[in-house]
Protein chains: 2
Amino acid sequence: MKSLNPPLLVALNKLSFQRNIPTCFVKNISGVAYTFSRHGKVTDVLKKETQSYDEKKLGPSQVLVSFLASTIGTTDLAFIRGMGKLDGSSSIKLPWVAGLEGVAEVVATGNQVKSVGVGDRIIPFGFAIGAWREHGIFSESQVVPISKSVKLEYASLASGGPCVAYRLLEDFVHLSPGDVVIQNCGTGAVGLSVAQIGKAKGLRVISVIQERGNYGPTVERLKAWGNDIVVSHRYVGTFAMRRLLEDLPPPKLALNGAGGPTATELARLLGKGGTMITYGNASRKPFSIPTGIFTTNDISLRGFSMLSWLQSKSESDVKKMLQSVTQMMENDQLKFWIERKKLEELEVALQALSRPQQERRIVLVTKKGEMYLSG
Amino acid sequence: MKSLNPPLLVALNKLSFQRNIPTCFVKNISGVAYTFSRHGKVTDVLKKETQSYDEKKLGPSQVLVSFLASTIGTTDLAFIRGMGKLDGSSSIKLPWVAGLEGVAEVVATGNQVKSVGVGDRIIPFGFAIGAWREHGIFSESQVVPISKSVKLEYASLASGGPCVAYRLLEDFVHLSPGDVVIQNCGTGAVGLSVAQIGKAKGLRVISVIQERGNYGPTVERLKAWGNDIVVSHRYVGTFAMRRLLEDLPPPKLALNGAGGPTATELARLLGKGGTMITYGNASRKPFSIPTGIFTTNDISLRGFSMLSWLQSKSESDVKKMLQSVTQMMENDQLKFWIERKKLEELEVALQALSRPQQERRIVLVTKKGEMYLSG
């Protein structure tokens with residue numbers, strides 16, 4: 001990773017076009033930001049910059065925030081690499097700040113801002129908010145205030161997987177307590193959230209996960225966090241799996257974040273009239289569909305994209321969702337297995353991320369964020 | 001094909017349990033029926049029997065009919081073979097009469113029958129009505145009266161492909177004149193009906209067909225019958241196909257009767273938010289789905305089965321559908337390329353069916369049916 005090379009003002013002016021950052025910069029508040037000006041291998045293209053903001057130049061409907069924590073995961077890396085046409089990627093123009101999810105504190109507001117005030121804790125919401133930085137400017141409509149009682153590390157990832165899980169369980173199928181939901185990617189942020197939100201709703205969640213070295217402890221942890229049944233990708237296509245499901249109502253909803261063979265199996269295991277939603281493709285593989293599931297089992301296959309959802313919904317829908325999710329975090333109904341790193345030590349965090357069997361979600365904490373954690 | 005071997009009454013008593021055929025049979029009306037008592041190769045298992053009906057023993061809500069014509073196609077053969085778990089096959093108990101679609105004339109009615117009378121032309125509706133016979137008994141609720149002006153050969157197949165096509169265009173997506181529908185199996189009974197019903201609705205229909213020896217004339221015929229564009233299965237996945245579609249609104253609805261690679265291509269060609277309905281699988285192959293169509297294009301994949309539809313709808317819905325379809329036949333908006341054979345010469349018809357590039361739909365005509373055709 002190189003330090004900031006290109007003329008700072010050129011880069012920042014380009015950013016300002018995207019983000020309504022005031023075009024004049026005074027060293028009022030300055031801090032670290034990780035940006036990339038071309039897609040590629042993360043350690044090649046990511047640059048550590050210093051970005052400065054003059055709060056006096058804040059637009060009337062804008063808020064200046066200090067990030068407290070943000071997450072770092074495979075989706076962030078894919079976004080930087082420009083791989084797999086990450087949903088919405090076409091809407092950004094490089095250079096851009098990396099990091100898709102984070103939590104921040106309001107440090108200044110434009111004179112027309114009403115819904116948040118200085119000192120409020122907020123989550124910026126939208127595609128590619130640029131969370132790997134110390135400060136940022138957003139429009140008032142992009143930030144959702146949340147309670148300070150929400151654990152900072154959890155709040156930093158609330159706008160990602162938990163919100164997708166919330167929508168997947170809310171928007172497609174009418175689910176009642178006792179209904180069965182089956183999913184792959186059980187260890188992902190969406191999968192973990194589905195199990196926990198599902199448990200809170202009284203659903204029975206069955207997760208398929210990859211069978212790796214630490215499979216046994218992972219299964220136990222997933223069960224402790226809401227899953228009724230956890231099976232390996234090797235088991236899901238077997239006759240034994242069908243026997244296992246015989247004791248339950250037929251699954252009404254399947255959630256596919258992986259593609260590949262497990263997606264096919266989920267579709268096969270759905271009950272008559274069931275629905276499978278594809279929200280991601282961790283395996284980068286297509287999946288095969290036996291046509292009989294349509295003609296004899298009346299299955300629907302649909303898709304979910306948070307970006308499309310955002311485009312069709314109002315600010316109050318976004319607010320309601322984020323507040324529901326963070327409320328669950330506050331109530332200890334939605335948690336994650338976290339490993340903290342310092343934002344300024346991103347290289348160390350990237351190394352941790354690439355460890356085999358890294359199961360803890362890595363959270364990058366800013367200097368300001370650390371104050372809250374130690375306080 | 002062997003002639004009737006097992007004791008007639010045993011076979012007919014089993015049938016009566018299924019169909020409410022009176023349990024006492026007197027030789028009042030008798031005629032040919034092709035039955036099978038096990039699944040297998042059609043020429044091995046199909047038997048030509050004589051079945052007799054006593055109209056005096058007709059139940060109060062039953063009608064005795066004489067078949068005039070029925071169709072013979074690949075679905076009929078698959079049904080006899082017991083292959084591919086033909087939708088609803090599990091609901092029949094052998095022995096059974098072959099033939100899935102036909103048209104008949106009422107010759108006697110039970111004393112409570114009100115909606116049809118002697119001499120009326122009707123279409124029996126339901127799964128496996130047993131159309132390859134001269135006479136049959138149905139409940140009043142199973143028969144739909146149609147106009148005698150409908151060409152007999154067309155009426156004989158109205159309850160099959162045309163009704164499926166009618167539902168596919170009616171039930172899933174709101175279609176307005178100018179909207180684009182894309183389908184595979186363009187030469188099948190459903191595909192031909194989709195093009196013609198689609199044309200009547202002002203839709204633009206694009207059909208993918210197998211490229212065979214008589215490809216050129218087939219394309220011309222399909223275009224004359226309502227298709228806007230006809231392309232080969234080799235062409236559909238090419239860049240040229242995408243270019244071709246650029247001049248049209250993005251397809252809203254795709255209809256998949258084939259599975260395999262063309263099904264994947266149809267799903268890819270759908271516009272944002274589009275729907276693909278699978279109603280059959282002529283290729284007997286699953287199809288592959290790139291997950292991106294769900295996450296970036298918000299495609300829905302659904303299925304249609306006439307049997308499930310029937311189970312959820314009322315007699316008046318069935319009547320409305322069949323009368324719409326036959327009305328279109330009467331108005332010359334829905335036609336088929338027909339080759340007539342005599343019901344009693346089923347073996348000749350089967351040979352014709354297996355000819356390479358047999359494009360005309362074969363219709364089996366009974367002796368009584370011939371009277372109307374010559375008259």
# chains A, B, ... in the order shown; residues from 1 in each chain; ligands from 1

$ closest_atom_pairs --of "chain B" --to "chain A" --cutoff "6 Å" --atoms "only C-alpha atoms" --output "Markdown table"
| residue | atom | partner | partner_atom | distance |
| --- | --- | --- | --- | --- |
| B:Asp87 | CA | A:Thr296 | CA | 6.0 |
| B:Tyr279 | CA | A:Thr295 | CA | 5.7 |
| B:Pro286 | CA | A:Pro290 | CA | 4.2 |
| B:Phe287 | CA | A:Ile289 | CA | 5.2 |
| B:Ser288 | CA | A:Ser288 | CA | 4.1 |
| B:Ile289 | CA | A:Pro286 | CA | 5.2 |
| B:Pro290 | CA | A:Pro286 | CA | 4.2 |
| B:Thr291 | CA | A:Pro286 | CA | 5.8 |
| B:Phe294 | CA | A:Gly303 | CA | 4.0 |
| B:Thr295 | CA | A:Ser305 | CA | 5.1 |
| B:Asp298 | CA | A:Gly303 | CA | 5.3 |
| B:Ser300 | CA | A:Arg302 | CA | 4.4 |
| B:Leu301 | CA | A:Leu301 | CA | 4.6 |
| B:Arg302 | CA | A:Ser300 | CA | 4.4 |
| B:Gly303 | CA | A:Phe294 | CA | 4.0 |
| B:Phe304 | CA | A:Thr295 | CA | 5.5 |
| B:Ser305 | CA | A:Thr295 | CA | 5.1 |

$ write_last_selection --atoms "N, CA, C and O atoms" --output "PDB file, in the first residue's frame"
ATOM      1  N   ASP B  87     -47.087 -34.361 -14.559  1.00  0.00           N
ATOM      2  CA  ASP B  87     -47.853 -33.695 -13.513  1.00  0.00           C
ATOM      3  C   ASP B  87     -49.219 -34.355 -13.322  1.00  0.00           C
ATOM      4  O   ASP B  87     -50.014 -34.456 -14.249  1.00  0.00           O
ATOM      5  N   TYR B 279     -43.135 -24.068 -17.747  1.00  0.00           N
ATOM      6  CA  TYR B 279     -44.367 -24.872 -17.786  1.00  0.00           C
ATOM      7  C   TYR B 279     -44.112 -26.281 -18.273  1.00  0.00           C
ATOM      8  O   TYR B 279     -45.019 -27.117 -18.295  1.00  0.00           O
ATOM      9  N   PRO B 286     -32.091 -29.989 -16.756  1.00  0.00           N
ATOM     10  CA  PRO B 286     -32.220 -28.826 -15.886  1.00  0.00           C
ATOM     11  C   PRO B 286     -31.641 -27.611 -16.605  1.00  0.00           C
ATOM     12  O   PRO B 286     -31.078 -27.750 -17.694  1.00  0.00           O
ATOM     13  N   PHE B 287     -31.786 -26.454 -16.044  1.00  0.00           N
ATOM     14  CA  PHE B 287     -31.133 -25.297 -16.646  1.00  0.00           C
ATOM     15  C   PHE B 287     -30.332 -24.544 -15.603  1.00  0.00           C
ATOM     16  O   PHE B 287     -30.589 -24.633 -14.408  1.00  0.00           O
ATOM     17  N   SER B 288     -29.333 -23.845 -16.091  1.00  0.00           N
ATOM     18  CA  SER B 288     -28.393 -23.164 -15.217  1.00  0.00           C
ATOM     19  C   SER B 288     -28.799 -21.702 -15.099  1.00  0.00           C
ATOM     20  O   SER B 288     -29.243 -21.098 -16.067  1.00  0.00           O
ATOM     21  N   ILE B 289     -28.645 -21.167 -13.896  1.00  0.00           N
ATOM     22  CA  ILE B 289     -29.050 -19.784 -13.656  1.00  0.00           C
ATOM     23  C   ILE B 289     -27.879 -18.989 -13.084  1.00  0.00           C
ATOM     24  O   ILE B 289     -27.366 -19.326 -12.029  1.00  0.00           O
ATOM     25  N   PRO B 290     -27.447 -17.952 -13.801  1.00  0.00           N
ATOM     26  CA  PRO B 290     -26.429 -17.082 -13.228  1.00  0.00           C
ATOM     27  C   PRO B 290     -27.093 -16.242 -12.142  1.00  0.00           C
ATOM     28  O   PRO B 290     -28.139 -15.633 -12.388  1.00  0.00           O
ATOM     29  N   THR B 291     -26.527 -16.230 -10.940  1.00  0.00           N
ATOM     30  CA  THR B 291     -27.227 -15.574  -9.830  1.00  0.00           C
ATOM     31  C   THR B 291     -27.388 -14.073 -10.051  1.00  0.00           C
ATOM     32  O   THR B 291     -28.273 -13.456  -9.481  1.00  0.00           O
ATOM     33  N   PHE B 294     -30.697 -12.388 -10.618  1.00  0.00           N
ATOM     34  CA  PHE B 294     -31.557 -12.093  -9.470  1.00  0.00           C
ATOM     35  C   PHE B 294     -31.116 -10.817  -8.765  1.00  0.00           C
ATOM     36  O   PHE B 294     -31.922  -9.985  -8.404  1.00  0.00           O
ATOM     37  N   THR B 295     -29.790 -10.707  -8.535  1.00  0.00           N
ATOM     38  CA  THR B 295     -29.322  -9.610  -7.694  1.00  0.00           C
ATOM     39  C   THR B 295     -29.190  -8.301  -8.453  1.00  0.00           C
ATOM     40  O   THR B 295     -29.333  -7.238  -7.872  1.00  0.00           O
ATOM     41  N   ASP B 298     -33.228  -8.424 -10.906  1.00  0.00           N
ATOM     42  CA  ASP B 298     -34.482  -8.609 -10.190  1.00  0.00           C
ATOM     43  C   ASP B 298     -35.492  -9.461 -10.959  1.00  0.00           C
ATOM     44  O   ASP B 298     -36.674  -9.141 -11.049  1.00  0.00           O
ATOM     45  N   SER B 300     -37.811 -12.754 -11.663  1.00  0.00           N
ATOM     46  CA  SER B 300     -38.512 -13.807 -10.923  1.00  0.00           C
ATOM     47  C   SER B 300     -38.640 -15.033 -11.808  1.00  0.00           C
ATOM     48  O   SER B 300     -38.988 -14.908 -12.973  1.00  0.00           O
ATOM     49  N   LEU B 301     -38.378 -16.196 -11.234  1.00  0.00           N
ATOM     50  CA  LEU B 301     -38.633 -17.439 -11.958  1.00  0.00           C
ATOM     51  C   LEU B 301     -39.782 -18.150 -11.261  1.00  0.00           C
ATOM     52  O   LEU B 301     -39.730 -18.387 -10.059  1.00  0.00           O
ATOM     53  N   ARG B 302     -40.805 -18.475 -12.047  1.00  0.00           N
ATOM     54  CA  ARG B 302     -41.950 -19.150 -11.455  1.00  0.00           C
ATOM     55  C   ARG B 302     -42.351 -20.343 -12.311  1.00  0.00           C
ATOM     56  O   ARG B 302     -41.731 -20.607 -13.340  1.00  0.00           O
ATOM     57  N   GLY B 303     -43.351 -21.062 -11.864  1.00  0.00           N
ATOM     58  CA  GLY B 303     -43.777 -22.235 -12.612  1.00  0.00           C
ATOM     59  C   GLY B 303     -45.271 -22.225 -12.825  1.00  0.00           C
ATOM     60  O   GLY B 303     -46.003 -21.534 -12.109  1.00  0.00           O
ATOM     61  N   PHE B 304     -45.702 -22.977 -13.833  1.00  0.00           N
ATOM     62  CA  PHE B 304     -47.132 -23.124 -14.038  1.00  0.00           C
ATOM     63  C   PHE B 304     -47.466 -24.584 -14.258  1.00  0.00           C
ATOM     64  O   PHE B 304     -46.811 -25.280 -15.038  1.00  0.00           O
ATOM     65  N   SER B 305     -48.498 -25.039 -13.571  1.00  0.00           N
ATOM     66  CA  SER B 305     -49.012 -26.384 -13.791  1.00  0.00           C
ATOM     67  C   SER B 305     -50.520 -26.262 -13.874  1.00  0.00           C
ATOM     68  O   SER B 305     -51.171 -25.696 -12.999  1.00  0.00           O
TER      69      SER B 305
END

$ select_by_dssp --residues "region 40-269 of chain A" --states "strand (DSSP E)" --output "compact mmCIF listing (two decimals) with N, CA, C and O atoms, in the first residue's frame"
# COMPACT_ATOMS: atom_id res chain seq x y z
N LEU A 46 -5.17 0.40 -3.05
CA LEU A 46 -5.69 1.19 -1.93
C LEU A 46 -4.63 2.18 -1.45
O LEU A 46 -3.47 1.83 -1.27
N LYS A 47 -5.03 3.44 -1.26
CA LYS A 47 -4.08 4.47 -0.81
C LYS A 47 -4.56 5.10 0.48
O LYS A 47 -5.74 5.39 0.63
N LYS A 48 -3.61 5.32 1.38
CA LYS A 48 -3.94 6.00 2.63
C LYS A 48 -3.72 7.49 2.40
O LYS A 48 -2.60 7.91 2.08
N GLU A 49 -4.77 8.27 2.52
CA GLU A 49 -4.70 9.71 2.28
C GLU A 49 -5.02 10.47 3.56
O GLU A 49 -5.54 9.90 4.51
N THR A 50 -4.77 11.77 3.51
CA THR A 50 -5.32 12.63 4.55
C THR A 50 -6.38 13.50 3.87
O THR A 50 -6.11 14.12 2.84
N GLN A 51 -7.59 13.46 4.41
CA GLN A 51 -8.67 14.29 3.86
C GLN A 51 -9.04 15.36 4.87
O GLN A 51 -9.11 15.08 6.08
N SER A 52 -9.29 16.57 4.37
CA SER A 52 -9.62 17.68 5.27
C SER A 52 -10.99 18.24 4.94
O SER A 52 -11.38 18.29 3.77
N TYR A 53 -11.71 18.66 5.96
CA TYR A 53 -13.04 19.23 5.77
C TYR A 53 -13.16 20.54 6.54
O TYR A 53 -12.73 20.63 7.68
N GLN A 62 -26.51 19.36 4.86
CA GLN A 62 -25.45 18.36 5.02
C GLN A 62 -25.04 18.19 6.48
O GLN A 62 -25.23 19.08 7.30
N VAL A 63 -24.46 17.03 6.73
CA VAL A 63 -23.90 16.80 8.06
C VAL A 63 -22.45 16.35 7.90
O VAL A 63 -22.11 15.60 6.99
N LEU A 64 -21.61 16.85 8.77
CA LEU A 64 -20.22 16.41 8.82
C LEU A 64 -20.14 15.41 9.96
O LEU A 64 -20.62 15.68 11.07
N VAL A 65 -19.56 14.26 9.68
CA VAL A 65 -19.52 13.22 10.71
C VAL A 65 -18.09 12.73 10.92
O VAL A 65 -17.24 12.84 10.03
N SER A 66 -17.85 12.19 12.08
CA SER A 66 -16.60 11.46 12.35
C SER A 66 -16.96 9.98 12.46
O SER A 66 -17.81 9.61 13.28
N PHE A 67 -16.31 9.17 11.66
CA PHE A 67 -16.56 7.73 11.77
C PHE A 67 -15.99 7.21 13.08
O PHE A 67 -14.94 7.67 13.55
N LEU A 68 -16.71 6.26 13.67
CA LEU A 68 -16.25 5.63 14.91
C LEU A 68 -15.75 4.22 14.62
O LEU A 68 -14.74 3.79 15.16
N ALA A 69 -16.44 3.51 13.77
CA ALA A 69 -16.05 2.14 13.42
C ALA A 69 -16.64 1.77 12.07
O ALA A 69 -17.70 2.29 11.68
N SER A 70 -15.95 0.89 11.39
CA SER A 70 -16.49 0.37 10.13
C SER A 70 -16.07 -1.09 10.01
O SER A 70 -15.22 -1.56 10.76
N THR A 71 -16.69 -1.80 9.09
CA THR A 71 -16.35 -3.22 8.98
C THR A 71 -15.47 -3.45 7.76
O THR A 71 -15.38 -2.62 6.87
N ILE A 72 -14.85 -4.61 7.75
CA ILE A 72 -14.03 -4.99 6.62
C ILE A 72 -14.34 -6.46 6.34
O ILE A 72 -14.21 -7.31 7.22
N TRP A 96 -12.58 6.82 -5.22
CA TRP A 96 -13.66 6.62 -4.24
C TRP A 96 -13.07 6.16 -2.92
O TRP A 96 -11.97 5.59 -2.91
N VAL A 97 -13.77 6.43 -1.84
CA VAL A 97 -13.32 5.94 -0.54
C VAL A 97 -13.84 4.51 -0.34
O VAL A 97 -15.01 4.24 -0.63
N GLY A 102 -20.50 1.40 8.14
CA GLY A 102 -19.85 1.95 9.33
C GLY A 102 -20.82 2.75 10.17
O GLY A 102 -21.99 2.93 9.80
N VAL A 103 -20.31 3.20 11.31
CA VAL A 103 -21.12 4.02 12.22
C VAL A 103 -20.32 5.28 12.54
O VAL A 103 -19.09 5.23 12.61
N ALA A 104 -21.01 6.40 12.72
CA ALA A 104 -20.31 7.68 12.88
C ALA A 104 -21.02 8.56 13.90
O ALA A 104 -22.12 8.22 14.39
N GLU A 105 -20.38 9.69 14.21
CA GLU A 105 -20.97 10.65 15.13
C GLU A 105 -21.04 11.99 14.41
O GLU A 105 -20.11 12.37 13.69
N VAL A 106 -22.14 12.70 14.61
CA VAL A 106 -22.31 13.99 13.95
C VAL A 106 -21.44 15.03 14.66
O VAL A 106 -21.50 15.18 15.87
N VAL A 107 -20.61 15.75 13.86
CA VAL A 107 -19.76 16.79 14.47
C VAL A 107 -20.19 18.20 14.05
O VAL A 107 -19.83 19.18 14.69
N ALA A 108 -20.93 18.31 12.96
CA ALA A 108 -21.44 19.62 12.55
C ALA A 108 -22.62 19.40 11.61
O ALA A 108 -22.69 18.39 10.92
N THR A 109 -23.55 20.35 11.61
CA THR A 109 -24.71 20.21 10.72
C THR A 109 -24.95 21.51 9.97
O THR A 109 -24.67 22.60 10.48
N ARG A 121 -25.32 9.77 17.32
CA ARG A 121 -24.69 8.63 16.65
C ARG A 121 -25.57 8.26 15.45
O ARG A 121 -26.78 8.14 15.59
N ILE A 122 -24.94 8.11 14.31
CA ILE A 122 -25.73 7.84 13.09
C ILE A 122 -25.08 6.71 12.27
O ILE A 122 -23.90 6.41 12.41
N ILE A 123 -25.93 6.13 11.42
CA ILE A 123 -25.43 5.19 10.42
C ILE A 123 -25.71 5.80 9.06
O ILE A 123 -26.86 6.12 8.74
N PRO A 124 -24.65 6.02 8.25
CA PRO A 124 -24.88 6.51 6.89
C PRO A 124 -25.40 5.34 6.05
O PRO A 124 -24.87 4.24 6.16
N HIS A 135 -13.48 11.00 8.65
CA HIS A 135 -14.56 11.98 8.55
C HIS A 135 -15.25 11.88 7.20
O HIS A 135 -14.68 11.39 6.24
N GLY A 136 -16.45 12.37 7.16
CA GLY A 136 -17.17 12.36 5.90
C GLY A 136 -18.33 13.33 5.94
O GLY A 136 -18.78 13.75 7.02
N ILE A 137 -18.81 13.71 4.76
CA ILE A 137 -19.98 14.59 4.68
C ILE A 137 -21.10 13.83 3.97
O ILE A 137 -20.87 13.19 2.94
N PHE A 138 -22.27 13.87 4.53
CA PHE A 138 -23.43 13.21 3.94
C PHE A 138 -24.60 14.18 3.93
O PHE A 138 -24.62 15.15 4.69
N SER A 139 -25.55 13.91 3.09
CA SER A 139 -26.78 14.69 3.17
C SER A 139 -27.61 14.16 4.34
O SER A 139 -27.48 12.99 4.72
N VAL A 143 -28.43 9.79 6.50
CA VAL A 143 -27.99 9.31 7.81
C VAL A 143 -29.18 8.99 8.72
O VAL A 143 -30.17 9.71 8.75
N VAL A 144 -29.06 7.88 9.43
CA VAL A 144 -30.14 7.42 10.31
C VAL A 144 -29.61 7.44 11.74
O VAL A 144 -28.61 6.77 12.03
N PRO A 145 -30.25 8.20 12.64
CA PRO A 145 -29.79 8.22 14.03
C PRO A 145 -30.09 6.90 14.72
O PRO A 145 -31.15 6.30 14.49
N VAL A 180 -40.57 -22.80 8.59
CA VAL A 180 -39.18 -23.20 8.37
C VAL A 180 -38.55 -22.38 7.25
O VAL A 180 -39.12 -22.24 6.17
N VAL A 181 -37.37 -21.83 7.56
CA VAL A 181 -36.57 -21.10 6.57
C VAL A 181 -35.26 -21.86 6.42
O VAL A 181 -34.67 -22.28 7.41
N ILE A 182 -34.82 -22.04 5.18
CA ILE A 182 -33.57 -22.76 4.94
C ILE A 182 -32.63 -21.86 4.16
O ILE A 182 -33.08 -21.09 3.31
N GLN A 183 -31.36 -21.89 4.51
CA GLN A 183 -30.42 -20.99 3.83
C GLN A 183 -29.05 -21.64 3.69
O GLN A 183 -28.69 -22.53 4.44
N ARG A 204 -38.13 -21.36 12.42
CA ARG A 204 -37.10 -22.39 12.57
C ARG A 204 -36.15 -22.25 11.39
O ARG A 204 -36.57 -22.35 10.23
N VAL A 205 -34.91 -21.99 11.70
CA VAL A 205 -33.93 -21.71 10.64
C VAL A 205 -32.96 -22.88 10.49
O VAL A 205 -32.41 -23.38 11.48
N ILE A 206 -32.81 -23.31 9.25
CA ILE A 206 -31.87 -24.38 8.93
C ILE A 206 -30.77 -23.77 8.06
O ILE A 206 -31.06 -23.16 7.03
N SER A 207 -29.51 -23.91 8.49
CA SER A 207 -28.41 -23.32 7.73
C SER A 207 -27.49 -24.39 7.17
O SER A 207 -27.15 -25.36 7.84
N VAL A 208 -27.09 -24.17 5.93
CA VAL A 208 -26.09 -25.01 5.29
C VAL A 208 -24.78 -24.23 5.32
O VAL A 208 -24.74 -23.07 4.91
N ILE A 209 -23.73 -24.85 5.81
CA ILE A 209 -22.43 -24.16 5.84
C ILE A 209 -21.36 -25.05 5.21
O ILE A 209 -21.55 -26.26 5.06
N ILE A 229 -31.14 -26.01 13.00
CA ILE A 229 -30.37 -27.11 12.42
C ILE A 229 -29.24 -26.49 11.60
O ILE A 229 -29.44 -25.51 10.88
N VAL A 230 -28.06 -27.05 11.74
CA VAL A 230 -26.92 -26.64 10.90
C VAL A 230 -26.37 -27.90 10.24
O VAL A 230 -26.11 -28.89 10.92
N VAL A 231 -26.26 -27.86 8.92
CA VAL A 231 -25.73 -29.04 8.21
C VAL A 231 -24.62 -28.58 7.26
O VAL A 231 -24.53 -27.41 6.89
N SER A 232 -23.81 -29.53 6.84
CA SER A 232 -22.71 -29.19 5.93
C SER A 232 -23.18 -29.25 4.48
O SER A 232 -24.18 -29.88 4.16
N LEU A 253 -39.42 -20.80 2.75
CA LEU A 253 -38.52 -19.79 2.20
C LEU A 253 -37.11 -20.35 2.21
O LEU A 253 -36.68 -20.93 3.19
N ALA A 254 -36.41 -20.17 1.08
CA ALA A 254 -34.99 -20.52 1.01
C ALA A 254 -34.22 -19.26 0.66
O ALA A 254 -34.69 -18.46 -0.15
N LEU A 255 -33.07 -19.09 1.28
CA LEU A 255 -32.27 -17.89 1.05
C LEU A 255 -30.92 -18.31 0.51
O LEU A 255 -30.18 -19.05 1.16
N ASN A 256 -30.63 -17.84 -0.69
CA ASN A 256 -29.44 -18.28 -1.40
C ASN A 256 -28.44 -17.14 -1.54
O ASN A 256 -28.67 -16.19 -2.27

$ residues_around --residues "region 322-337 of chain B" --least-positions-apart "5" --cutoff "6 Å" --atoms "only C-alpha atoms" --output "MDAnalysis selection string"
chainID B and resid 150 196 360:361

$ select_by_dssp --residues "region 50-198 of chain A" --states "helix (DSSP H, G or I)" --output "count of residues only"
47

$ closest_residue --among "A:Leu203, A:Cys163, A:Leu269, A:Leu310" --to "Arg243 (chain A)" --atoms "only C-alpha atoms"
A:Leu269

$ closest_residue --among "B:Gly186, B:Pro356, B:Gly274, B:Gly160" --to "Arg221 (chain B)" --atoms "only C-alpha atoms"
B:Gly186

$ closest_residue --among "B:Ser115, B:Ser176, B:Ser156, B:Ser314" --to "Pro251 (chain B)" --atoms "only C-alpha atoms"
B:Ser176

$ residues_around --residues "Glu359 (chain A)" --least-positions-apart "5" --cutoff "12 Å" --atoms "only C-alpha atoms" --output "number ranges by chain"
A: 73, 186-189, 192, 212-215, 217-218, 221-222, 336-339, 352-354
